[in-house]
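Below: protein-v1.pdb (PDB, C-alpha atoms, pLDDT in the B column)
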```pdb
ATOM      1  CA  MET A   1      52.142 157.229  48.934  1.00 56.00           C
ATOM      2  CA  ALA A   2      53.124 159.351  51.918  1.00 60.00           C
ATOM      3  CA  GLU A   3      56.078 161.665  51.589  1.00 61.00           C
ATOM      4  CA  TRP A   4      58.513 161.325  54.472  1.00 61.00           C
ATOM      5  CA  SER A   5      60.163 164.301  56.093  1.00 59.00           C
ATOM      6  CA  LYS A   6      63.703 164.865  54.885  1.00 64.00           C
ATOM      7  CA  ALA A   7      64.818 166.260  58.240  1.00 60.00           C
ATOM      8  CA  PRO A   8      66.909 163.772  60.248  1.00 61.00           C
ATOM      9  CA  ASP A   9      65.299 162.359  63.349  1.00 58.00           C
ATOM     10  CA  SER A  10      67.295 164.012  66.110  1.00 57.00           C
ATOM     11  CA  SER A  11      65.117 162.799  68.982  1.00 60.00           C
ATOM     12  CA  SER A  12      66.455 159.249  69.133  1.00 60.00           C
ATOM     13  CA  GLY A  13      70.184 159.977  68.925  1.00 69.00           C
ATOM     14  CA  PRO A  14      70.901 161.790  72.206  1.00 73.00           C
ATOM     15  CA  ARG A  15      68.394 159.631  74.078  1.00 75.00           C
ATOM     16  CA  GLU A  16      70.084 156.405  72.960  1.00 78.00           C
ATOM     17  CA  ARG A  17      73.479 157.823  73.926  1.00 78.00           C
ATOM     18  CA  ALA A  18      72.135 158.798  77.364  1.00 80.00           C
ATOM     19  CA  TRP A  19      70.984 155.211  77.978  1.00 79.00           C
ATOM     20  CA  VAL A  20      74.608 154.147  77.447  1.00 75.00           C
ATOM     21  CA  GLN A  21      76.381 157.021  79.196  1.00 77.00           C
ATOM     22  CA  ILE A  22      74.315 157.230  82.394  1.00 79.00           C
ATOM     23  CA  PRO A  23      74.954 153.632  83.591  1.00 78.00           C
ATOM     24  CA  LEU A  24      78.628 153.916  82.673  1.00 76.00           C
ATOM     25  CA  LEU A  25      79.057 157.164  84.607  1.00 81.00           C
ATOM     26  CA  THR A  26      77.147 155.953  87.670  1.00 85.00           C
ATOM     27  CA  ASN A  27      78.960 152.611  87.775  1.00 86.00           C
ATOM     28  CA  LEU A  28      82.409 153.946  86.918  1.00 87.00           C
ATOM     29  CA  PRO A  29      83.645 154.005  90.568  1.00 89.00           C
ATOM     30  CA  TYR A  30      82.554 150.376  90.989  1.00 90.00           C
ATOM     31  CA  PHE A  31      84.302 149.339  87.784  1.00 89.00           C
ATOM     32  CA  LEU A  32      87.474 151.115  88.871  1.00 90.00           C
ATOM     33  CA  PHE A  33      87.308 149.532  92.323  1.00 89.00           C
ATOM     34  CA  ILE A  34      86.888 146.044  90.845  1.00 89.00           C
ATOM     35  CA  ILE A  35      89.719 146.527  88.350  1.00 89.00           C
ATOM     36  CA  ILE A  36      92.125 147.993  90.911  1.00 88.00           C
ATOM     37  CA  HIS A  37      91.175 145.406  93.531  1.00 85.00           C
ATOM     38  CA  TYR A  38      91.735 142.636  90.994  1.00 86.00           C
ATOM     39  CA  HIS A  39      95.244 143.826  90.232  1.00 85.00           C
ATOM     40  CA  TYR A  40      96.157 144.966  93.770  1.00 84.00           C
ATOM     41  CA  PRO A  41      94.112 142.831  96.188  1.00 80.00           C
ATOM     42  CA  LEU A  42      96.005 143.996  99.297  1.00 81.00           C
ATOM     43  CA  LEU A  43      95.619 147.695  98.518  1.00 79.00           C
ATOM     44  CA  PHE A  44      92.145 148.186 100.033  1.00 73.00           C
ATOM     45  CA  PHE A  45      92.034 145.351 102.586  1.00 71.00           C
ATOM     46  CA  PRO A  46      95.607 144.740 103.707  1.00 70.00           C
ATOM     47  CA  PHE A  47      94.670 142.705 106.804  1.00 70.00           C
ATOM     48  CA  SER A  48      92.129 140.317 105.303  1.00 56.00           C
TER      49      SER A  48
END
```
As structure tokens - that is how I would like this structure written.
Amino acid sequence: MAEWSKAPDSSSGPRERAWVQIPLLTNLPYFLFIIIHYHYPLLFFPFS
């Protein structure tokens, strides 16, 4: 029976967090624009 290493696997933790953080940070301006435009539709396009 193989003996497993007792050291925690630190390679998957930061990588999994990066997969979540990178899309959120790159799309944050779009999310903010959609939320603000939903609540204040005349703020960005007052003449439409």
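What separates atom CA of Phe31 of chain A from atom CA of Leu43 of chain A is a distance of 15.7 Å.
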If I wrap all listed atoms of segment 32-44 of chain A in a box with edges along x, y and z and add 4 Å on each side, what are its centre and edge lengths in Å to one decimal, as AutoDock Vina command-line options?
```
--center_x 91.5 --center_y 146.9 --center_z 94.2 --size_x 17.3 --size_y 16.5 --size_z 19.7
```
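Distance-wise, atom CA of Phe44 of chain A and atom CA of Pro29 of chain A end up 14.0 Å apart.
Atom pair atom CA of Glu16 of chain A / atom CA of Leu32 of chain A: separated by 24.2 Å.
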